[in-house]
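Asks: Here you go, one structure.
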Amino acid sequence: MTNPMPQIELPERLARGRPPLRLDPSVLMVLVGCVVLVAGGAVIYPAFLGPAYLLQQLQIAAFLGIIATGAMLVILLGEIDLSIPLTITGTAIVTTQFAGASHAAVAALAIPIGLAAGALIGFVNGIGVAVFRIPGMVWTLATNAMLLGATVFYTGGFKPQGVVPVLASQAALGRTFGVPNAFLVWLAVAAATIWALNRTVYGVYLYAMGNSQRALFLSGARVRRVTVATFMLAGLLSSLGSLLLTGYANQAYQGMGDGYLLPVIAAVVIGGTSILGGSGSYLGTFAGAIFITLLSSILSVLQMPAAARQIVFGGIILSMLLAHRFRTRG
Amino acid sequence: MKAWLRLRLRLLAAIAALVVLFVAYVSIHPRGASTYVLTIWANQGTLLGFAAIAQFFAVLVRGVDLSVGSMIALTNVAASFLLVGAPVAIAAGVVAVLLLGLCCGLINGLFIVYGRIQPIIVTLATGSVYAGLALLLRPTPGGAINESLSDALTYDISGTPTSILLLAGALLLVAIPLRRTPLGLGMYAIGSAEASAYMTGVRVNAIKLTAYATGGVFAALAGLYVSMVTLTGDAGVGPAYTLNSIAAVVLGGVSLNGGVGSPLGAAVGALILKTISSLMFFSGAPPLAQPFFEGLILAIAIGLGSLGVFRVRNKLDLFNR
Amino acid sequence: MSGSLVELSAVSKNYGGVPALTDVDFRCEAGMVHAVLGENGAGKSTLMKLLAGVIQPSRGALKVDGRIVSFASPRDAIREGIVCIFQELSLAPHLSAGDNIVLAAPRARFGLLTLDAYAKARAALDSVGARNIALGARIGDLSLAERQLVEIAKALVRKPRLLILDEATSALSKQLVEVVFGVVRELRRQGVAILFISHRMHEVDALADRISVFRNGRHVDTFTAGERNHNDIVTMMIGQSLKELFPPRGPAAPRGTPPRLAVNGLRWNGQLNGVDFEVGPGEIIGLGGLDGQGQQQAMHAVFGVLNGVSGSITMDDRPIEGVTPSRAKASSVGLALTPEDRKTEGLVLEMSILDNLRLAALGRAPFGIAGRQPEIDRRLGALIQRMALTYADLSDPVGSLSGGNQQKVVLAKWLALSPRCLLLMDPTRGIDVKTKAQIYRLLRDLAAEGLAIVLQSTDYEELVHLCDRVYVFYAGRVSRVLSGDDLSPGTLLAASMNMSQAAQAAS
C-alpha cells in the first residue's frame, strides 16, 4: 500500500483520530439496555412510557450523570476517585452555609465558593497522586476519611443548618419548555466534556495517560499537570452535582453522597470505559447513567426490598461486563 | 543481613510505629496496661487484622477486593444462624461459614480469572450482591451465638488476649506455605510479573483462584470473630472493613501493585489503625474532631510511605504503566 | 543417526493475516548446537515462541521425538523438556534470584519446597559463573548482566532436552560469555539439543555446529558451520549485500566547527562515571559497547529523564540545566529522543497514528486546542511522504502498524518539531531490513541538512557504517573513541570487551 497523492492533507476533523460521535458497540448495548428496561417496566406499569415518568428519570439521571462525568475523567486517567461521597456532602454543606450568611455579598458567592471547594478537594487529591505518586484508590480513600471527619466536626453531628441557594433549587427542580433544568445542565456539561475530550490537547493527553504515561512523559508533555487538572475537574463536577442534589432535596445532609459511589462507577464502566483507563467514549457514560437510574427506579417501583435491589444491581453489572468481554473477544 | 533488612524496611518501620503507638496508648488509657485494656484492643485489632489479611491475598496477586466488608457481613449473618446448639452442630457451623467465605472468594476469582474482568469492578459488584444477601437473611441485627464459645474466644488465656493468639496462629498457618511452597511463591511471582510467571510455567489461573479463595476464608474468619464479639449477626458491618483493610495493607508495607508484602504486614497495619483510633478516643481530643484526626494521620502515614518518590533517580521509574 | 529431537513440518504462523512464518520445515537434533540467523522480522522469535509453547502454529505440525505435539502453554513445552531463555527475561523483579530459579523447577515434599531445591539453584548459579550473586539477592537490584545469568541458571535447573537461547548473552563480559559457552558445550556433550539466536557472528563461529538462516518468515537454508563464509551468510540473511544497506558517508565537517551538543564529565548514580562526548551539526556519532555500560543512561541524562545528574551539557555552547523532557523539546533547546522501547515509551499504541504523530508538537498548540497547527501538519505530511510511511488510515491505532512503520511514526513525531539534535536509542531494533535501509538513508540525509545525530546502538554494523565517530562505553565511561580506519566490527568488539590494544593483538 503506498500513498497515491503527492501531498498529504491532515484534515482537522481527524483531530481525535476517530469521529467523536460514532457509536461504540458498548454504547449501543447500554442504549439497548435502557430501551429494554423501559419496555420491560412498561409491561408492569404502563405509565413508564409516559413523558412525565421519562422526563423525571432524565432529571434524576442528571445528578448521577454529572458526577459520573468527573468520575469518568479520573478513570480515563487510569485512577479512581473514592472521595466522591464526601466531596458531595462536604461541598453541599459549604454552599448552604455560605448561602445562609448574613452578609448579602457573601451569600451571593455561595455557589462559586461551593464549586471552588470541590476543585480544591480535587487539587489535594491530584497532588497526592501526581506528586507523591500515591495510588489514587488509597489517597482518595484518605481524603474521603478526612472530609468525613471535617464534616462531623463542623456540624457537631447535627443536621447542617443552612440555606439552599435559589439558583440551585431552580436548576434542580425547574423546567424550561417542559424539559427539566437539571437535564439541561447535564447536556451542557456533556457538550463541554465531549468537546474537551475530542478537540483539546488535554483530551489527547488524558487518553494517552490512561494508556502509557511513560510514552506521554517522554514526548515532553507535563504529565503531572494532566493528573492534577483531571482530579480538579472531577471535584468540580462532583460539587456541581452536589449543588443540584442540594436543590432537589432542599437541604444539605450528612451522608447525602454515600449512595453515589457504586452507581457512579457502575455507570462509567458499563458504558464501556475501561477501568484501567485510556479508552471509553463519553456517550457510554451518558447512557450508563441513564441506565443505572432507570434500573434503580424500576427496582424500587417493583417494591423490591433494598436487599434484593442490591443483589440485582450487582448481578446486572457483572452480566453487562461479561457481555462486553465476550463481545470484544468473540 | 543488610539486604534482608532493606527488603523488610517497610514492615520493620510499621512494627516500630505500632510499638510506639501502642505504648502511647497504654500510657494514656486510664486503666493502663491491664489485661482488660489489652483484650479490648486486641479483639478490635484482630477483627480488622483478619480483614486485612483477606485483602492481602487479593492485593498480592495484583488485584484488590472491595467485597471484603460484604463477605464479612454475610458470614457474620450466617454464623448468627448456625453457631448454636450442640458442640458438634457448632463445629459444623464454623466449617460451613468458612466454606461460605471460600465460595464467595472463589466466585470473585472466577469472574476475575475466567471472566477477565478487572478485580476492582468484580468485587464492587459482588460486594453489592453479598451485602444484599446478608440483608435478605437478616434484615435487622439479631440471631444468637453460643455464649461459652464466644467467651472462650474473646477473653484471655493467662493474661494474653485470646484474639491475639488466634491472629498469631492464623499468621503462622499461612506464613510457611506462602514463602516455602510453589503455591505461595507462585502468588508472589504472579503479583510481581504475571507474564513472566506464565512463561516460567507457573499455573497462573489456578493460583490466582486460590489467592482469592483464601481471601474469602479470611473474610469468613473475620465474620466469625465479629459474631463472637458482638454475639449477633448484623448485615451492616461491612463498609468500614473494606476501606480500612485497604489502608491497613498499605500501612503494613504491602504494595498495591502486587508481589510485595506479607500477611504479617497486613495484620500490623490493621493493628496500627486500631491503635490510632483508640489513641484518639483517649487522647482528650474533642470527640467530634477524632474522625478528622484519624483521617489526617492516615493521610500522613500514607504520604510518609511515599516519600521514597523524591529519591527516585530515573523519572521513568515513577510511571509503572 | 538419531531422529530429530524436535521437528517442524510445514509450519506457518499468521498474526491476523500478517504472515510471520510461512511453510517452514525445520529440525534440530540432540547433541548439537544449532544457530538460527536472520534479520529482524525474519521469523526467528516466532519460531522460538512456537517451540516454547507461547504461541500455536496456524498451520502445520510440531513433533517431539517423532510424536505430534500441541503446546497450549509454556507449561506443556517445559514438560517435554523444551526450555527457552527469552530476550525479555522471564524473572519476577520483586523476588530473589533463588526464588525465581526454584519456581522454575519446584521440588516439593509434602507441598513444601525442599532445601535441596535451593541447593540446586545455588549450584546452577555457580555453574554459570554467578558465584557472587547471592540466592537472596532481589532481581530488581541486579544489573542486566547478572539477571541474564540468573535467567540462564533458571533454564539449567530444568534439565532441558532442548535449550533455546534468544540473545541470552548480550550484556555479558568476555569471561562470562566463555563460561556460559562452556556450559553449553557440556550440555551438548550430554546430548542436549541447543538452539541459539544471536546477532554476533563471532559467537556463532565459536559455538555453532549447524547454522540455519531465515528470511521474511521462510527457512532459507541450513548448513554445517564453516561451509559458508560470513559475506554469503549475511547476504542470505538480508537478501542483498551488506554494503547496499548503508548509504555512503557524507563529507567530514570542516575543522573548527563548534559542536552542537557537548557533554562533559557526566556523572550519575554510579552508572555514569564521567562521560564526555560531542556531536557537531551534520555528524552522526555512535554510542556503543556491551549492553548496560551506561550508554542508555547517558542518553536519558541529556534528555532530562534522570535526577541528580552532574556534569555539563551544552547546546550550541549554551548550557542546558534542570532539563526535563518538556523543556528539552522546547524550541530554545531543540532536543529530541526516540526511546529504546517504541511500544511502551515511544508510542501510545491504542491511540491513532495521527494523534501519535502530533503528540510531541501538541505542547505548542495555541489555546490548548488540538488540530490547529497547520505548520506542524504540513511538516508531518511532508515527513510521511519522505519516509514512505505505509498505513491504511491515519485514524487507525498505531499499534496496527508494523514495527518499522511504528518507528517511522516515532521519528516523524520528533522531526516535525525541527529539532537541533536528535538522540536515537537503538532505533532499528526489531525492524525489518528494508525499513532499516530507509531509516539509514533518512538519517544520512538529515545529517547532510545539518542535524546533529547521536545514535546509541547494539548493532555493530550500524555503528561502523553509519557513524562518523563511535564512543565505546565501558563501566560508565567512554573507554575508547573510534573513527576512520579504526572503526571496524573487530575493533568495536574488542573495545566493547575492554580488551587493551595488546591483548587484542595477542588474541
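Ordered as shown in the C-alpha cells, chains take letters A, B, and onward, while each chain numbers its residues from 1 and ligands are numbered from 1 in the order shown.
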Mind checking which residues fall within 12 Å of C:Met387, counting only C-alpha atoms, ignoring those fewer than 3 positions away in the same chain, and posting them as JSON, numbers by chain?

Replies: {"A": [2, 3], "C": [379, 380, 381, 382, 383, 384, 390, 391, 404, 405, 406, 407, 408, 409, 410, 411, 412, 413, 415, 434, 435, 436, 437, 438, 439, 440, 441, 442, 443, 445, 446]}

Asks: May I have the selected residues written with C-alpha atoms, as a compact mmCIF listing (two decimals), in the first residue's frame?

Replies:
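So the final result, stored in selection11.txt, reads:
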```txt
# COMPACT_ATOMS: atom_id res chain seq x y z
CA THR A 2 1.54 3.30 -0.97
CA ASN A 3 0.11 6.77 -0.83
CA ARG C 379 5.65 19.15 8.06
CA LEU C 380 4.07 15.87 9.13
CA GLY C 381 2.56 15.44 5.70
CA ALA C 382 5.94 16.00 4.10
CA LEU C 383 7.63 13.60 6.51
CA ILE C 384 5.08 10.87 5.88
CA THR C 390 2.75 2.70 4.97
CA TYR C 391 -0.64 2.81 6.60
CA GLY C 404 9.27 -0.49 11.03
CA ASN C 405 6.36 1.83 10.37
CA GLN C 406 5.87 2.37 14.07
CA GLN C 407 9.45 3.54 14.35
CA LYS C 408 8.88 5.88 11.42
CA VAL C 409 5.98 7.42 13.32
CA VAL C 410 8.22 7.96 16.34
CA LEU C 411 10.81 9.63 14.16
CA ALA C 412 8.28 11.77 12.33
CA LYS C 413 6.74 12.87 15.61
CA LEU C 415 11.26 15.63 13.27
CA LYS C 434 14.01 -2.80 4.06
CA THR C 435 12.86 -0.29 6.66
CA LYS C 436 16.31 -0.24 8.21
CA ALA C 437 17.79 0.83 4.90
CA GLN C 438 15.18 3.56 4.58
CA ILE C 439 15.95 4.82 8.06
CA TYR C 440 19.69 4.82 7.42
CA ARG C 441 19.19 6.84 4.27
CA LEU C 442 16.94 9.26 6.13
CA LEU C 443 19.50 9.75 8.89
CA ASP C 445 20.09 12.96 4.57
CA LEU C 446 19.09 14.65 7.81
```

Asks: Pick out the residues sitting within 12 Å of B:Pro286, and hand them over as a PyMOL selection string; count only C-alpha atoms, and ignore anything fewer than 3 positions along from it in its own chain.

Replies: (chain A and resi 149+152-154+156) or (chain B and resi 280-283+289-293)

Asks: Got a sec to pull out which chain B residues are within 9 Å of chain C, counting only C-alpha atoms, and send them as a short mmCIF file (atom, residue, chain, number, x, y, z; two decimals) with N, CA and C atoms, in the first residue's frame?

Replies:
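See iface02.cif below for the written result:
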```
data_model
loop_
_atom_site.label_atom_id
_atom_site.label_comp_id
_atom_site.auth_asym_id
_atom_site.auth_seq_id
_atom_site.Cartn_x
_atom_site.Cartn_y
_atom_site.Cartn_z
N ALA B 3 20.96 -6.59 53.42
CA ALA B 3 19.99 -6.73 52.34
C ALA B 3 18.65 -7.19 52.90
N TRP B 4 18.72 -8.14 53.85
CA TRP B 4 17.50 -8.65 54.47
C TRP B 4 16.73 -7.51 55.13
N LEU B 7 15.12 -5.12 52.53
CA LEU B 7 13.93 -5.69 51.91
C LEU B 7 12.71 -5.54 52.81
N ILE B 176 4.23 -20.04 56.47
CA ILE B 176 5.11 -21.03 55.86
C ILE B 176 4.69 -21.41 54.44
N PRO B 177 3.42 -21.74 54.23
CA PRO B 177 3.05 -22.07 52.85
C PRO B 177 3.32 -20.92 51.89
N ARG B 180 7.27 -20.88 51.37
CA ARG B 180 8.04 -22.10 51.20
C ARG B 180 7.34 -23.14 50.36
N THR B 181 6.28 -22.74 49.66
CA THR B 181 5.67 -23.71 48.75
C THR B 181 5.61 -23.11 47.35
N PRO B 182 5.56 -23.96 46.35
CA PRO B 182 5.42 -23.44 44.99
C PRO B 182 4.15 -22.60 44.85
N LEU B 183 3.10 -22.97 45.58
CA LEU B 183 1.85 -22.23 45.51
C LEU B 183 2.05 -20.79 45.98
N LEU B 185 4.90 -19.11 46.57
CA LEU B 185 5.90 -18.41 45.78
C LEU B 185 5.30 -18.01 44.44
N GLY B 186 4.45 -18.88 43.93
CA GLY B 186 3.78 -18.59 42.66
C GLY B 186 2.91 -17.35 42.77
N TYR B 188 3.43 -14.77 44.73
CA TYR B 188 4.32 -13.61 44.69
C TYR B 188 4.80 -13.35 43.26
N ALA B 189 5.12 -14.41 42.54
CA ALA B 189 5.62 -14.23 41.17
C ALA B 189 4.54 -13.63 40.28
N ILE B 190 3.29 -14.12 40.45
CA ILE B 190 2.20 -13.60 39.63
C ILE B 190 1.98 -12.13 39.91
N GLY B 191 2.05 -11.76 41.19
CA GLY B 191 1.86 -10.35 41.53
C GLY B 191 3.00 -9.49 41.01
N SER B 192 4.19 -10.05 41.03
CA SER B 192 5.35 -9.28 40.61
C SER B 192 5.39 -9.09 39.10
N ALA B 193 5.18 -10.17 38.36
CA ALA B 193 5.23 -10.07 36.89
C ALA B 193 4.47 -11.26 36.32
N GLU B 194 3.18 -11.05 36.07
CA GLU B 194 2.34 -12.19 35.68
C GLU B 194 2.80 -12.84 34.39
N ALA B 195 3.21 -12.02 33.42
CA ALA B 195 3.64 -12.58 32.14
C ALA B 195 4.86 -13.47 32.34
N SER B 196 5.80 -13.00 33.16
CA SER B 196 6.99 -13.80 33.41
C SER B 196 6.62 -15.11 34.10
N ALA B 197 5.69 -15.02 35.03
CA ALA B 197 5.29 -16.23 35.74
C ALA B 197 4.69 -17.24 34.75
N TYR B 198 3.88 -16.72 33.84
CA TYR B 198 3.27 -17.59 32.83
C TYR B 198 4.33 -18.29 31.99
N MET B 199 5.32 -17.52 31.55
CA MET B 199 6.41 -18.09 30.75
C MET B 199 7.19 -19.13 31.53
N THR B 200 7.25 -18.94 32.84
CA THR B 200 8.01 -19.87 33.66
C THR B 200 7.22 -21.15 33.90
N GLY B 201 5.97 -21.16 33.45
CA GLY B 201 5.20 -22.38 33.61
C GLY B 201 4.41 -22.42 34.90
N VAL B 202 4.32 -21.28 35.59
CA VAL B 202 3.53 -21.23 36.81
C VAL B 202 2.04 -21.33 36.43
N ARG B 203 1.28 -22.06 37.22
CA ARG B 203 -0.14 -22.21 36.89
C ARG B 203 -0.89 -20.97 37.34
N GLY B 259 2.96 -8.60 44.54
CA GLY B 259 4.27 -9.21 44.61
C GLY B 259 5.12 -8.81 45.79
N VAL B 260 4.67 -7.87 46.60
CA VAL B 260 5.49 -7.39 47.72
C VAL B 260 4.64 -7.33 48.98
N ARG B 311 13.32 10.38 46.17
CA ARG B 311 14.69 9.91 46.00
C ARG B 311 14.88 9.21 44.66
N VAL B 312 13.82 9.15 43.88
CA VAL B 312 13.89 8.40 42.63
C VAL B 312 14.88 9.05 41.68
N ARG B 313 15.76 8.26 41.08
CA ARG B 313 16.81 8.82 40.26
C ARG B 313 16.46 8.83 38.79
N ASN B 314 15.64 7.90 38.38
CA ASN B 314 15.21 7.88 36.98
C ASN B 314 13.73 8.14 36.94
N LYS B 315 13.34 9.27 36.35
CA LYS B 315 11.94 9.67 36.39
C LYS B 315 11.02 8.63 35.78
N LEU B 316 11.55 7.82 34.87
CA LEU B 316 10.70 6.79 34.28
C LEU B 316 10.22 5.79 35.31
N ARG B 321 3.25 2.33 34.16
CA ARG B 321 2.48 1.89 33.01
C ARG B 321 3.03 2.56 31.77
#
```

Asks: Among stretch 109-306 of chain A, which residues carry a DSSP assignment of strand (DSSP E or B), reported as a list in words?

Replies: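 Of stretch 109-306 of chain A, the ones in strand (DSSP E or B) are Arg175, Thr176, Val179, Pro180 and Thr200 of chain A.
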
Asks: Take the residues from that selection and write them out as an mmCIF file, in the first residue's frame, keeping N, CA and C atoms.

Replies:
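Heads up, here's the output in again33.cif:
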```cif
data_model
loop_
_atom_site.group_PDB
_atom_site.id
_atom_site.type_symbol
_atom_site.label_atom_id
_atom_site.label_comp_id
_atom_site.auth_asym_id
_atom_site.auth_seq_id
_atom_site.Cartn_x
_atom_site.Cartn_y
_atom_site.Cartn_z
ATOM 1 N N ARG A 175 -38.221 23.634 35.261
ATOM 2 C CA ARG A 175 -38.257 23.124 33.880
ATOM 3 C C ARG A 175 -38.252 24.279 32.922
ATOM 4 N N THR A 176 -37.642 24.070 31.792
ATOM 5 C CA THR A 176 -37.652 25.060 30.724
ATOM 6 C C THR A 176 -38.290 24.402 29.512
ATOM 7 N N VAL A 179 -38.673 20.722 29.703
ATOM 8 C CA VAL A 179 -37.508 19.864 29.934
ATOM 9 C C VAL A 179 -36.886 20.214 31.296
ATOM 10 N N PRO A 180 -36.594 19.227 32.113
ATOM 11 C CA PRO A 180 -36.024 19.531 33.435
ATOM 12 C C PRO A 180 -34.705 20.284 33.300
ATOM 13 N N THR A 200 -9.375 19.011 22.410
ATOM 14 C CA THR A 200 -8.320 19.762 23.062
ATOM 15 C C THR A 200 -7.084 18.901 23.276
#
```

Asks: Using atom CA of A:Ala130 and atom CA of A:Arg222 as the two end points, give the distance in Å to one decimal.

Replies: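 Straight-line distance from atom CA of A:Ala130 to atom CA of A:Arg222 works out to 10.7 Å.
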
Asks: Could you write out as a VMD selection string the residues of chain C within 6 Å of chain A, counting only C-alpha atoms?

Replies: chain C and resid 325 to 326 345 to 348 352 360 368 to 371 381 395

Asks: I need the residues from that last selection saved to file as a CSV table (one decimal), in the first residue's frame (with N, CA and C atoms), if you can.

Replies:
```csv
chain,number,residue,atom,x,y,z
C,325,PRO,N,12.1,16.4,29.9
C,325,PRO,CA,11.7,16.3,28.5
C,325,PRO,C,10.9,17.4,28.0
C,326,SER,N,10.0,18.0,28.8
C,326,SER,CA,9.2,19.1,28.2
C,326,SER,C,10.0,20.3,27.9
C,345,GLU,N,7.3,3.2,25.2
C,345,GLU,CA,7.9,4.5,25.6
C,345,GLU,C,7.8,5.5,24.4
C,346,GLY,N,7.7,5.0,23.2
C,346,GLY,CA,7.7,5.9,22.1
C,346,GLY,C,6.4,6.2,21.5
C,347,LEU,N,5.4,5.3,21.7
C,347,LEU,CA,4.1,5.5,21.1
C,347,LEU,C,3.0,5.1,22.1
C,348,VAL,N,1.9,5.7,22.0
C,348,VAL,CA,0.7,5.2,22.7
C,348,VAL,C,0.0,4.3,21.7
C,352,SER,N,-4.5,6.8,17.8
C,352,SER,CA,-4.4,6.8,16.4
C,352,SER,C,-3.0,7.2,15.9
C,360,ALA,N,4.1,15.1,20.2
C,360,ALA,CA,5.2,15.9,20.7
C,360,ALA,C,4.9,17.4,20.4
C,368,GLY,N,-4.4,25.5,23.6
C,368,GLY,CA,-4.7,24.1,24.0
C,368,GLY,C,-5.7,23.4,23.1
C,369,ILE,N,-5.9,23.9,22.0
C,369,ILE,CA,-6.9,23.3,21.1
C,369,ILE,C,-6.1,22.4,20.1
C,370,ALA,N,-6.5,21.1,20.0
C,370,ALA,CA,-5.8,20.2,19.2
C,370,ALA,C,-6.2,20.4,17.7
C,371,GLY,N,-5.3,20.1,16.8
C,371,GLY,CA,-5.7,20.1,15.4
C,371,GLY,C,-5.6,21.5,14.8
C,381,GLY,N,2.9,16.0,7.0
C,381,GLY,CA,2.6,15.4,5.7
C,381,GLY,C,3.8,15.2,4.9
C,395,SER,N,-6.4,7.3,11.1
C,395,SER,CA,-7.2,7.2,12.4
C,395,SER,C,-7.1,5.8,13.0
```

Asks: Restrict the calculation to only C-alpha atoms, then for each residue of chain A with any atom at most 8 Å from an atom of chain B give the closest atom pair and their distance in Å to one decimal, rows by chain and rising residue number, as a tab-separated table.

Replies:
```
residue	atom	partner	partner_atom	distance
A:Gly128	CA	B:Gly303	CA	7.7
A:Phe132	CA	B:Ser306	CA	6.0
A:Arg133	CA	B:Ser306	CA	6.9
A:Ile134	CA	B:Ser306	CA	6.5
A:Pro135	CA	B:Leu256	CA	7.9
A:Val138	CA	B:Ala247	CA	6.8
A:Trp139	CA	B:Ala299	CA	7.2
A:Leu141	CA	B:Leu243	CA	7.2
A:Ala142	CA	B:Ala299	CA	5.3
A:Thr143	CA	B:Ala299	CA	7.1
A:Asn144	CA	B:Gly295	CA	8.0
A:Ala145	CA	B:Gly295	CA	4.8
A:Met146	CA	B:Gly295	CA	4.4
A:Leu147	CA	B:Phe292	CA	7.1
A:Leu148	CA	B:Phe292	CA	6.8
A:Gly149	CA	B:Phe292	CA	3.5
A:Ala150	CA	B:Phe292	CA	5.4
A:Val152	CA	B:Leu288	CA	6.2
A:Phe153	CA	B:Leu288	CA	4.8
A:Gly156	CA	B:Leu288	CA	6.4
A:Gly157	CA	B:Leu288	CA	7.5
A:Asn211	CA	B:Arg321	CA	7.4
A:Ser212	CA	B:Arg321	CA	5.6
A:Gln213	CA	B:Arg321	CA	6.0
A:Arg214	CA	B:Phe319	CA	6.1
A:Leu262	CA	B:Leu124	CA	7.3
A:Ile275	CA	B:Gln118	CA	7.2
A:Leu276	CA	B:Gln118	CA	7.9
A:Ala306	CA	B:Gly132	CA	7.5
A:Ala307	CA	B:Gly132	CA	4.2
A:Ala308	CA	B:Gly132	CA	6.0
A:Arg309	CA	B:Gly132	CA	7.4
A:Gln310	CA	B:Gly132	CA	5.1
A:Ile311	CA	B:Val129	CA	4.0
A:Val312	CA	B:Val129	CA	7.3
A:Phe313	CA	B:Ser128	CA	7.3
A:Gly314	CA	B:Ala125	CA	4.3
A:Gly315	CA	B:Val129	CA	6.9
A:Ile317	CA	B:Ala125	CA	6.4
A:Leu318	CA	B:Ala125	CA	6.5
A:Leu321	CA	B:Ile117	CA	7.1
A:Leu322	CA	B:Gly115	CA	6.2
A:Arg325	CA	B:Gly115	CA	7.3
```

Asks: Which neighbours of stretch 418-423 of chain C fall inside 6 Å, counting only C-alpha atoms, when residues of the same chain fewer than 3 positions from it are skipped, and could you give them as a PyMOL selection string?

Replies: chain C and resi 334-337+415+451-454

Asks: Quick one: write out the picked residues with C-alpha atoms as a compact mmCIF listing (two decimals), in the first residue's frame?

Replies:
```
# COMPACT_ATOMS: atom_id res chain seq x y z
CA GLY C 334 15.74 21.64 20.40
CA LEU C 335 16.46 18.11 21.64
CA ALA C 336 14.53 15.07 20.56
CA LEU C 337 14.76 11.48 21.82
CA LEU C 415 11.26 15.63 13.27
CA LEU C 451 21.04 17.90 12.04
CA ALA C 452 23.33 16.55 14.77
CA ILE C 453 22.54 12.90 15.44
CA VAL C 454 23.51 10.70 18.36
```

Asks: Output as an MDAnalysis selection string all residues of stretch 23-143 of chain A that backbone DSSP marks as alpha helix (DSSP H).

Replies: chainID A and resid 25:44 51:77 84:99 104:108 110:130 136:143

Asks: Atom CA of C:Tyr471 to atom CA of C:Leu493: how many Å, to one decimal?

Replies: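 Between atom CA of C:Tyr471 and atom CA of C:Leu493 the gap is 12.3 Å.
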
Asks: Please provide as an MDAnalysis selection string all residues within 12 Å of A:Asn181, with the sequence filter that same-chain residues fewer than 2 positions apart are discarded (counting only C-alpha atoms).

Replies: chainID A and resid 55:56 58:63 167:179 183:188 244 247:248

Asks: Keeping C-alpha atoms for every residue in the selection just given, could you write it to a file as a tab-separated table (two decimals), in the first residue's frame?

Replies:
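That gives us out15.tsv:
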```tsv
chain	number	residue	atom	x	y	z
A	55	LEU	CA	-38.65	13.26	31.99
A	56	GLN	CA	-38.45	12.70	35.69
A	58	LEU	CA	-33.84	12.27	32.98
A	59	GLN	CA	-33.94	14.79	35.77
A	60	ILE	CA	-32.72	12.31	38.34
A	61	ALA	CA	-30.22	10.80	35.95
A	62	ALA	CA	-28.69	14.25	35.57
A	63	PHE	CA	-27.41	14.25	39.15
A	167	LEU	CA	-30.38	29.04	41.72
A	168	ALA	CA	-29.73	25.54	42.98
A	169	SER	CA	-33.40	24.85	43.53
A	170	GLN	CA	-34.33	26.26	40.16
A	171	ALA	CA	-31.68	24.23	38.43
A	172	ALA	CA	-32.67	21.06	40.22
A	173	LEU	CA	-36.42	21.34	40.20
A	174	GLY	CA	-37.40	23.76	37.48
A	175	ARG	CA	-38.26	23.12	33.88
A	176	THR	CA	-37.65	25.06	30.72
A	177	PHE	CA	-40.14	24.37	27.97
A	178	GLY	CA	-41.06	21.21	29.81
A	179	VAL	CA	-37.51	19.86	29.93
A	183	PHE	CA	-31.07	17.64	32.43
A	184	LEU	CA	-30.22	20.80	30.51
A	185	VAL	CA	-27.32	21.45	32.84
A	186	TRP	CA	-26.18	17.88	32.22
A	187	LEU	CA	-26.43	18.40	28.48
A	188	ALA	CA	-24.26	21.47	28.76
A	244	LEU	CA	-28.19	20.14	42.15
A	247	GLY	CA	-31.53	21.98	45.36
A	248	TYR	CA	-33.51	18.80	44.79
```
